[in-house]
Amino acid sequence: MSLTIEQLEERVADLLAEAKRLGADAAEAAVSSSAGLSVTVRLGEVETIEHHRDRGLGVTVYFGRRKGSANTTDLSPAALKETVARACAIARNTSEDPCAGLADPELLARDWPDLDLHHPWELEPADAIALAQECEAAALDFDPRITNSEGANLATDEGSFVYGNSHGFLGGYPTTRHSLSCVVMGREGDSMQRDWWYDTKRAAEELAPPPQIGRRAAERAVARLGARKLGTREAPVIFRADVAPGLLRSLIGAIRGHAQYRQSSFLLDTLGEQLFPEWVRIHEDPLIPRGLASAPFDNEGVATRPQDFIHQGVLKSYVLDSYSACKLGLRTTGNAGGVRNLAIESNGPSLDELLRRMDRGLLVTELMGQGVNPVTGDYSRGAAGFWVEKGVVQYPVEEITIAGNLRDIYRDLVAVGSDDEIPGSVRTGSWLVARMTIAGN
Amino acid sequence: METSLQIARQTLLEPAELGEHHLRETVERLSGPGVDAADLFFQLHRLESWVLDDGIVKEGNFSLERGVGLRAISGEKSGFAYTEEPTLENLLEAAASARAIARAGQSGRIAVGSPGAVAPLYPVDDPISSLPDEAKIELLHCLDAAARAADPRVQQVTVSLAAVHEVILVLDEQGRLATDVRPLVRCNVQVIVEQKGRREQGSAGGGGRTTLDLFVEEDRALGYAREAVRQALVNLEAVETPAGPMTVVLGPGWPGILLHEAVGHGLEGDFNRKGLSAFSGRIGERVASPLCTVVDDGSLPGRRGSLTVDDEGTPTGETVLIEKGVLRGYMQDRFNARLMGVPPTGNGRRESYAHLPLPRMTNTYMLGGDHDPREILRSVKKGLYAVNFAGGQVDITSGKFVFSLSEAYLIENGRVGAPVKGATLIGNGPDVMTRVSLVGNDLALDPGVGTCGKEGQSVPVGVGQPTVKVDEITVGGTAL
C-alpha cells in the first residue's frame, strides 16, 4: 500500500518544522512512497514474483550559506527527527558557499496542470504472469533459431512524492509506470546472440501488445546471427533510433551548468555557438500529458516549461538548476533533476531513405562500454550492427569499435530519421553521421 | 569487543522489538510444503559522504536505509517481498506474499540455530565515527591543496570521501542464522588540468573494508591526489590511438577488469544454469592459455570485494574458475547451486534487502606467472601498453566485451613511447584468454575502487592481475 499525498505532505511539513526548530535558516524536503509488482517468466514457467514497497525521505538544511543533507527509508517519527538532526550536524562541517540555498521564490511553481501521470493497474500476479507468458511465447515461436530465453518481465509501479521548502512551496502528485520486456537468445551453428525489446508507459492500455514486443525481441536476436568482424576503415555511420539517445545524453551532460562551471565539458563556453547544422532543433517538453519524464515542477519546486536547447543548430541555453545558474551568473532553467522528455526533430527521411543516402557504411544497433570522455568529447565505443552496401543491409557485424569526437559527430550530422517510435522518454530517429573510424580486424 | 551477532541484535532486532521467536514464526510462515528454500534478510545500511569541490566542502550527506527482504523458493521459482517497517505484522504479511509462489500448505516448524564460527575478515567498528568530523574535513582540504600544489596546470579538484557501516542478519528455512558487520570506505580525487586551451581529466582513489584511518596512514590519500594529477598531465600529451588489432600489454592491478568482463560474468552460476553464457557446459575444457589461473576470492582480509559471509550467510572462500587454462568452476549462490547440484561458493550477493540475491563476483584475479614485467614490454615490437581503465561491459551470450582505456602508451621496439588518448578495447571472452602469451610475476590487486552492475544491482568488487601480454586484441582508436 502506498501512502497518500496528504500523508506525505504531513511528513514534509514535519521535516521542515523540525529543521526550523533546530535553528536552520532554510530547508527543503522530499518524501516518496511506491508499491509495485514485478513478475518474470522464463521458458513458459514463472521464475520470480516480486512485491515492491519502497519509501524514502530526504532533507536538506541551510545554516546561512552552509548546507547539509540526509535521507532515510525509515518514515517513523523518531527516524524523521534523527534524519533532520543528522543533516544539521553535517551542515556544521560544510563550507560557506555563496550559491547554496533554495530556489528563488519568484520562480516556484504556483499552480500546475494535471499531467495525467497516474493510471494504476489493478493487476493480480496470475494476470501479470499470463501477459509475460504471452509475450515470451511469441518470441519463442517466432523462429526455430530462437533456442533459449532470459525471460519476459512485466512490472507495474504506483508511487507518490511530495516536495516542500521553507519558502512555503508544497507540491506533489501520484504517478504510475508499467513495463513489459523480453530477452531471448538465438543460435545458429556456433553463433549465439541475444537481444531484447520492451515498452514502458504511464497507462497500461497504451503498452504495445505483448506478442508484438516478443516478436520484436526475437527478430532482433535472429538478425544478429552469423555476425562477422569488419576490416578497420573509415565510413559513414547510422546510429539506429534505439541507440541514438546516448548521443543526446552526452550533449545534455556537456551543457549542464555543473559541467560548465567545473570546466569539465567538451562544449565549454559554447553558448550561442553553431554546434549542429542549421536544421537541428533539440528541445524538452516537461508538460506532455502521460509523458514518462513529465513533471510540472523540478526538484527545487521551480516551474518547468517547454524550451529549446539547440535552435537552428545553435546552443540557446545551458541546462541549469539554481546552484549552477548562480555559479554562472544566469537564471535557472528549471532543470534540477535533469531534462524532461528530450527530443530532436527529424529533417524528414525514413530509415530506408537514410540507408540509401549513406549508400555504403555501418548501421549501428548496439553500443557497449563507457568510452565517452566528457571533458574532451573523445568517443570510442564497442559496437555491433549491420554492414550496408548500395543502401541495403548486407550482413550483421560485431566485435568492432566506432571512434571519433562528439563535436565532429554533432557538426557533421547529415540527417535524423523520422523513425522516432522508440519507447522511453527521449524522442529521436536514427542519426546519419558523415564519418567515423571503425576498428575491426 | 562486540560480536557481529550482538551488533545485529542491537541494531536490527531490538529497535523493532523483535525476538528470535518472531523470526522463527516468520520463517515458518515463509517455508513449509512446496517451498524448497526460504530466507529472511535484515539489513541496516548507514552511509556518510562528503564532497569538496571548488576548494570548499560543498556537500555532505548522511543516509540510513533499513529493511527486511523475504524470499521463498519453490523449484526454479522465487517469491520475494520486503518491508521497511519490520513489525511482526508486516513481516508475516510479506512472508505470505512471498510464499504464494508455492502451492498453499501447512507451515513447517524450524528451530533457530546459532551461527557457525566464521572468523571476521574486517573490524566491526563503525567507520563513520572512525575519524572526528573535523579530521575528515581537514583530509578533504589537504588533498585539494596537494593536488593544486602538484602542478600549476591543475584547474579543478573534486575530492570525495565516503564511509559505510552495514549490518546484516540472514535466517534460512533450516534455522541457520548468520550475521555480518561490514565497514566500507572510499576516497577519490578527480582533477581537471589545462594547457594551451586543452583540458584533460585524471582520477585516482582507493578504499576497502576498514576504517577511514586507511587514508591517513602512510599518507595514502595524498598518493591518490598526486596520482590523479599525474594521469591528467599524461593525457595532456596524448596522441591519437591507432585503430585495429594490436598486441596489448596490460599493466598489473586494476586492468584485471579484463578478467571481470572477459570471463568473470560468463562464469556466474545463473547464466550457466540457463545455458545463456558463452562458457555454458564447458567445465573441463581449455578456455585460456595454460599460463592463466583465475580465481574469485571473497575471503581476502579487508578488501573492497570481500565478505565474511555472503548475503545468504554462506562463508566466502577461494573459487578456482580457470586453472592453467582449463575451466574448473562457476560462482554460485544457494539458489543456482541447488538447481545445478553443486555446493554454493559464497557468491550470493544483493544490493540491498529490496533486491533478490544473484551469483556475483567478489575479488576476481589472475595468479602471477614467471616473467619480469620489463621483459614482457621488451618482447613487443609494436603494440599498446594499457595501465588504467575507466570501466567495461560484457554481453555474456556472444562473449563480446569492451573496456575503456584511461591511460595507455604506444610500445615501439620494446620501449614505452607516447601516451595515447582514451580508446576502447573489444574482444571475445572465450577467445582473448587463449591469446595470453606472457604473464608477469607482479600480481597486484586494485586499490579498492570497483563497483559492478548486474540486472540493475550494484555491489562493490575487487579485481587484480599481474602484467599480462595479449597477442592480439582490437583497439578502437581513431588513427588509421
# chains A, B, ... in the order shown; residues from 1 in each chain; ligands from 1
call {"tool": "select_by_dssp", "arguments": {"residues": "region 274-345 of chain B", "states": "strand (DSSP E)", "output": "PyMOL selection string"}}
result
chain B and resi 294-297+318-323+326-327
call {"tool": "write_last_selection", "arguments": {"atoms": "C-alpha atoms", "output": "short mmCIF file (atom, residue, chain, number, x, y, z; two decimals), in the first residue's frame"}}
result
data_model
loop_
_atom_site.label_atom_id
_atom_site.label_comp_id
_atom_site.auth_asym_id
_atom_site.auth_seq_id
_atom_site.Cartn_x
_atom_site.Cartn_y
_atom_site.Cartn_z
CA VAL B 294 41.94 -17.18 -12.44
CA VAL B 295 40.25 -17.26 -9.03
CA ASP B 296 37.46 -15.45 -7.24
CA ASP B 297 38.22 -14.99 -3.54
CA GLU B 318 38.60 -19.08 -2.90
CA THR B 319 36.89 -20.48 -6.00
CA VAL B 320 39.16 -21.58 -8.82
CA LEU B 321 37.49 -20.51 -12.07
CA ILE B 322 40.25 -21.31 -14.56
CA GLU B 323 43.25 -23.48 -13.69
CA VAL B 326 41.12 -25.17 -18.10
CA LEU B 327 37.64 -24.13 -16.97
#
call {"tool": "residues_around", "arguments": {"residues": "Glu173 (chain B)", "least_positions_apart": "2", "cutoff": "6 Å", "atoms": "only C-alpha atoms", "output": "number ranges by chain"}}
result
B: 37-38, 175
call {"tool": "write_last_selection", "arguments": {"atoms": "C-alpha atoms", "output": "mmCIF file, in the first residue's frame"}}
result
data_model
loop_
_atom_site.group_PDB
_atom_site.id
_atom_site.type_symbol
_atom_site.label_atom_id
_atom_site.label_comp_id
_atom_site.auth_asym_id
_atom_site.auth_seq_id
_atom_site.Cartn_x
_atom_site.Cartn_y
_atom_site.Cartn_z
ATOM 1 C CA ALA B 37 14.255 -22.899 0.463
ATOM 2 C CA ALA B 38 13.472 -19.605 2.131
ATOM 3 C CA GLY B 175 17.163 -22.283 11.012
#
call {"tool": "select_by_dssp", "arguments": {"residues": "region 253-310 of chain A", "states": "helix (DSSP H, G or I)", "output": "PyMOL selection string"}}
result
chain A and resi 253-255+257-261
call {"tool": "closest_residue", "arguments": {"among": "B:Glu65, B:Asp53, B:Glu200, B:Glu93", "to": "Phe266 (chain A)", "atoms": "only C-alpha atoms"}}
result
B:Glu200
call {"tool": "interface_residues", "arguments": {"of": "chain B", "to": "chain A", "cutoff": "7 Å", "atoms": "only C-alpha atoms", "output": "PyMOL selection string"}}
result
chain B and resi 56-66+76-84+156+192+199-201+243-245+391-393+397-398+400+402-404+423-424+426-427+474-478
call {"tool": "closest_atom_pairs", "arguments": {"of": "region 299-331 of chain A", "to": "region 236-255 of chain A", "cutoff": "9 Å", "atoms": "only C-alpha atoms", "output": "tab-separated table"}}
result
residue	atom	partner	partner_atom	distance
A:Phe309	CA	A:Ile252	CA	8.8
A:Leu315	CA	A:Ile255	CA	8.8
A:Ser317	CA	A:Ile255	CA	8.0
A:Tyr318	CA	A:Ile255	CA	5.1
A:Val319	CA	A:Ile255	CA	5.9
A:Leu320	CA	A:Ile255	CA	8.6
call {"tool": "write_last_selection", "arguments": {"atoms": "all heavy atoms", "output": "CSV table (one decimal), in the first residue's frame"}}
result
chain,number,residue,atom,x,y,z
A,309,PHE,N,17.0,23.8,-26.4
A,309,PHE,CA,18.4,23.9,-26.1
A,309,PHE,C,19.3,24.2,-27.3
A,309,PHE,O,20.2,25.0,-27.3
A,309,PHE,CB,18.9,22.6,-25.4
A,309,PHE,CG,18.2,22.4,-24.1
A,309,PHE,CD1,17.3,21.3,-24.0
A,309,PHE,CD2,18.4,23.2,-23.0
A,309,PHE,CE1,16.7,21.1,-22.8
A,309,PHE,CE2,17.8,23.0,-21.8
A,309,PHE,CZ,16.9,21.9,-21.7
A,315,LEU,N,23.5,26.6,-29.9
A,315,LEU,CA,23.2,26.4,-28.5
A,315,LEU,C,22.6,27.6,-27.9
A,315,LEU,O,23.2,28.7,-27.7
A,315,LEU,CB,24.5,26.0,-27.7
A,315,LEU,CG,24.4,25.8,-26.2
A,315,LEU,CD1,23.4,24.6,-25.9
A,315,LEU,CD2,25.7,25.5,-25.5
A,317,SER,N,20.7,27.5,-24.8
A,317,SER,CA,20.6,27.6,-23.3
A,317,SER,C,21.4,26.4,-22.7
A,317,SER,O,21.4,25.3,-23.3
A,317,SER,CB,19.1,27.5,-22.9
A,317,SER,OG,19.0,27.3,-21.5
A,318,TYR,N,22.0,26.7,-21.6
A,318,TYR,CA,22.5,25.6,-20.8
A,318,TYR,C,21.4,24.9,-20.0
A,318,TYR,O,20.3,25.4,-20.0
A,318,TYR,CB,23.6,26.1,-19.8
A,318,TYR,CG,24.9,26.6,-20.4
A,318,TYR,CD1,25.4,27.8,-20.0
A,318,TYR,CD2,25.5,25.9,-21.4
A,318,TYR,CE1,26.6,28.3,-20.6
A,318,TYR,CE2,26.7,26.4,-22.0
A,318,TYR,CZ,27.2,27.6,-21.6
A,318,TYR,OH,28.4,28.1,-22.1
A,319,VAL,N,21.7,23.8,-19.4
A,319,VAL,CA,20.7,23.1,-18.6
A,319,VAL,C,21.1,23.4,-17.1
A,319,VAL,O,22.1,22.9,-16.6
A,319,VAL,CB,20.8,21.5,-18.9
A,319,VAL,CG1,20.0,20.7,-17.9
A,319,VAL,CG2,20.5,21.3,-20.3
A,320,LEU,N,20.2,24.2,-16.5
A,320,LEU,CA,20.6,24.8,-15.2
A,320,LEU,C,19.7,24.5,-14.1
A,320,LEU,O,18.5,24.5,-14.3
A,320,LEU,CB,20.7,26.3,-15.4
A,320,LEU,CG,21.7,26.8,-16.4
A,320,LEU,CD1,21.5,28.3,-16.6
A,320,LEU,CD2,23.1,26.5,-16.1
call {"tool": "atom_distance", "arguments": {"atom1": "CA of Tyr365 (chain B)", "atom2": "CA of Ala444 (chain B)"}}
result
8.8 Å
call {"tool": "atom_distance", "arguments": {"atom1": "CA of Trp196 (chain A)", "atom2": "CA of Ile213 (chain A)"}}
result
8.7 Å
call {"tool": "residues_around", "arguments": {"residues": "region 204-209 of chain B", "least_positions_apart": "5", "cutoff": "10 Å", "atoms": "only C-alpha atoms", "output": "VMD selection string"}}
result
chain B and resid 121 to 124 127 159 to 165 182 to 191 214 to 215 220 to 231 301 to 307 388 446 to 450 460 to 462
call {"tool": "write_last_selection", "arguments": {"atoms": "N, CA and C atoms", "output": "compact mmCIF listing (two decimals), in the first residue's frame"}}
result
# COMPACT_ATOMS: atom_id res chain seq x y z
N LEU B 121 36.59 -10.96 8.57
CA LEU B 121 37.69 -10.50 7.70
C LEU B 121 37.97 -9.02 7.88
N TYR B 122 37.15 -8.37 8.74
CA TYR B 122 37.33 -6.93 8.92
C TYR B 122 36.80 -6.55 10.29
N PRO B 123 37.18 -5.36 10.78
CA PRO B 123 36.72 -4.95 12.11
C PRO B 123 35.23 -4.61 12.09
N VAL B 124 34.56 -4.76 13.26
CA VAL B 124 33.13 -4.40 13.33
C VAL B 124 32.96 -2.90 13.57
N PRO B 127 33.00 2.78 10.66
CA PRO B 127 33.99 3.67 10.04
C PRO B 127 33.53 5.12 9.99
N VAL B 159 37.16 16.22 -4.50
CA VAL B 159 37.56 15.13 -3.60
C VAL B 159 36.30 14.57 -2.96
N SER B 160 36.15 13.27 -2.96
CA SER B 160 35.02 12.68 -2.26
C SER B 160 35.50 11.66 -1.25
N LEU B 161 34.76 11.57 -0.16
CA LEU B 161 35.11 10.66 0.93
C LEU B 161 33.80 10.03 1.41
N ALA B 162 33.78 8.71 1.50
CA ALA B 162 32.55 8.05 1.92
C ALA B 162 32.87 6.90 2.87
N ALA B 163 31.99 6.73 3.86
CA ALA B 163 32.13 5.62 4.81
C ALA B 163 30.78 4.95 4.98
N VAL B 164 30.78 3.63 4.90
CA VAL B 164 29.54 2.85 5.04
C VAL B 164 29.68 1.90 6.21
N HIS B 165 28.62 1.76 6.98
CA HIS B 165 28.56 0.73 8.03
C HIS B 165 27.28 -0.06 7.79
N ARG B 182 29.77 -4.97 8.30
CA ARG B 182 30.67 -4.68 7.18
C ARG B 182 31.00 -3.20 7.06
N PRO B 183 32.23 -2.84 7.32
CA PRO B 183 32.63 -1.47 7.05
C PRO B 183 33.05 -1.35 5.58
N LEU B 184 32.94 -0.17 5.02
CA LEU B 184 33.43 0.06 3.66
C LEU B 184 33.76 1.53 3.52
N VAL B 185 34.99 1.83 3.12
CA VAL B 185 35.37 3.24 2.93
C VAL B 185 35.91 3.45 1.53
N ARG B 186 35.79 4.69 1.06
CA ARG B 186 36.20 5.00 -0.30
C ARG B 186 36.61 6.46 -0.34
N CYS B 187 37.70 6.75 -1.04
CA CYS B 187 38.14 8.13 -1.22
C CYS B 187 38.54 8.29 -2.68
N ASN B 188 38.20 9.42 -3.28
CA ASN B 188 38.53 9.63 -4.68
C ASN B 188 38.92 11.08 -4.93
N VAL B 189 39.93 11.27 -5.79
CA VAL B 189 40.34 12.61 -6.18
C VAL B 189 40.24 12.70 -7.69
N GLN B 190 39.56 13.74 -8.17
CA GLN B 190 39.45 13.94 -9.61
C GLN B 190 39.94 15.33 -9.93
N VAL B 191 40.77 15.46 -10.97
CA VAL B 191 41.28 16.79 -11.31
C VAL B 191 41.06 17.07 -12.79
N LEU B 214 42.59 4.26 7.01
CA LEU B 214 43.27 3.77 5.81
C LEU B 214 43.86 4.92 5.01
N PHE B 215 43.10 6.03 4.92
CA PHE B 215 43.51 7.13 4.04
C PHE B 215 44.58 8.02 4.66
N ARG B 220 48.31 7.73 2.45
CA ARG B 220 47.81 7.01 1.30
C ARG B 220 46.96 7.90 0.38
N ALA B 221 46.06 8.69 0.98
CA ALA B 221 45.17 9.51 0.14
C ALA B 221 45.94 10.61 -0.58
N LEU B 222 47.03 11.10 0.02
CA LEU B 222 47.87 12.08 -0.68
C LEU B 222 48.40 11.46 -1.97
N GLY B 223 48.65 10.17 -1.90
CA GLY B 223 49.08 9.44 -3.09
C GLY B 223 48.01 9.48 -4.18
N TYR B 224 46.71 9.42 -3.78
CA TYR B 224 45.64 9.48 -4.79
C TYR B 224 45.68 10.84 -5.49
N ALA B 225 45.88 11.91 -4.69
CA ALA B 225 45.90 13.27 -5.26
C ALA B 225 47.03 13.38 -6.28
N ARG B 226 48.20 12.92 -5.91
CA ARG B 226 49.35 13.00 -6.83
C ARG B 226 49.13 12.14 -8.07
N GLU B 227 48.52 10.98 -7.87
CA GLU B 227 48.27 10.06 -8.99
C GLU B 227 47.24 10.65 -9.97
N ALA B 228 46.21 11.29 -9.45
CA ALA B 228 45.19 11.89 -10.32
C ALA B 228 45.83 12.97 -11.19
N VAL B 229 46.69 13.80 -10.58
CA VAL B 229 47.36 14.86 -11.34
C VAL B 229 48.30 14.25 -12.38
N ARG B 230 49.05 13.24 -11.97
CA ARG B 230 49.98 12.61 -12.92
C ARG B 230 49.24 12.09 -14.16
N GLN B 231 48.12 11.39 -13.91
CA GLN B 231 47.35 10.84 -15.04
C GLN B 231 46.82 11.93 -15.96
N PRO B 301 41.35 -10.56 3.58
CA PRO B 301 41.04 -9.61 4.65
C PRO B 301 40.99 -8.16 4.16
N GLY B 302 39.90 -7.47 4.51
CA GLY B 302 39.83 -6.03 4.30
C GLY B 302 39.64 -5.53 2.89
N ARG B 303 39.55 -6.43 1.89
CA ARG B 303 39.42 -5.94 0.51
C ARG B 303 38.00 -5.47 0.25
N ARG B 304 37.86 -4.57 -0.74
CA ARG B 304 36.56 -4.00 -1.10
C ARG B 304 35.54 -5.05 -1.51
N GLY B 305 36.00 -6.11 -2.20
CA GLY B 305 35.07 -7.14 -2.66
C GLY B 305 34.85 -8.26 -1.65
N SER B 306 35.50 -8.19 -0.49
CA SER B 306 35.46 -9.30 0.47
C SER B 306 34.19 -9.29 1.33
N LEU B 307 33.80 -10.49 1.77
CA LEU B 307 32.67 -10.65 2.68
C LEU B 307 32.98 -11.81 3.61
N ASN B 388 45.66 1.95 -17.24
CA ASN B 388 44.49 2.33 -16.46
C ASN B 388 43.23 2.28 -17.29
N ASP B 446 43.63 -4.30 -7.23
CA ASP B 446 43.32 -2.88 -7.46
C ASP B 446 43.24 -2.18 -6.10
N PRO B 447 43.28 -0.82 -6.11
CA PRO B 447 43.32 -0.10 -4.82
C PRO B 447 41.98 -0.08 -4.07
N GLY B 448 40.93 -0.70 -4.64
CA GLY B 448 39.66 -0.75 -3.90
C GLY B 448 38.67 0.26 -4.40
N VAL B 449 38.45 0.27 -5.73
CA VAL B 449 37.58 1.28 -6.33
C VAL B 449 36.43 0.70 -7.15
N GLY B 450 36.36 -0.64 -7.31
CA GLY B 450 35.44 -1.21 -8.30
C GLY B 450 34.01 -1.35 -7.81
N PRO B 460 30.04 -3.72 -4.47
CA PRO B 460 31.48 -3.45 -4.53
C PRO B 460 32.27 -4.73 -4.85
N VAL B 461 33.25 -4.60 -5.73
CA VAL B 461 34.07 -5.76 -6.10
C VAL B 461 35.53 -5.36 -6.18
N GLY B 462 36.39 -6.40 -6.21
CA GLY B 462 37.82 -6.18 -6.42
C GLY B 462 38.26 -6.93 -7.66
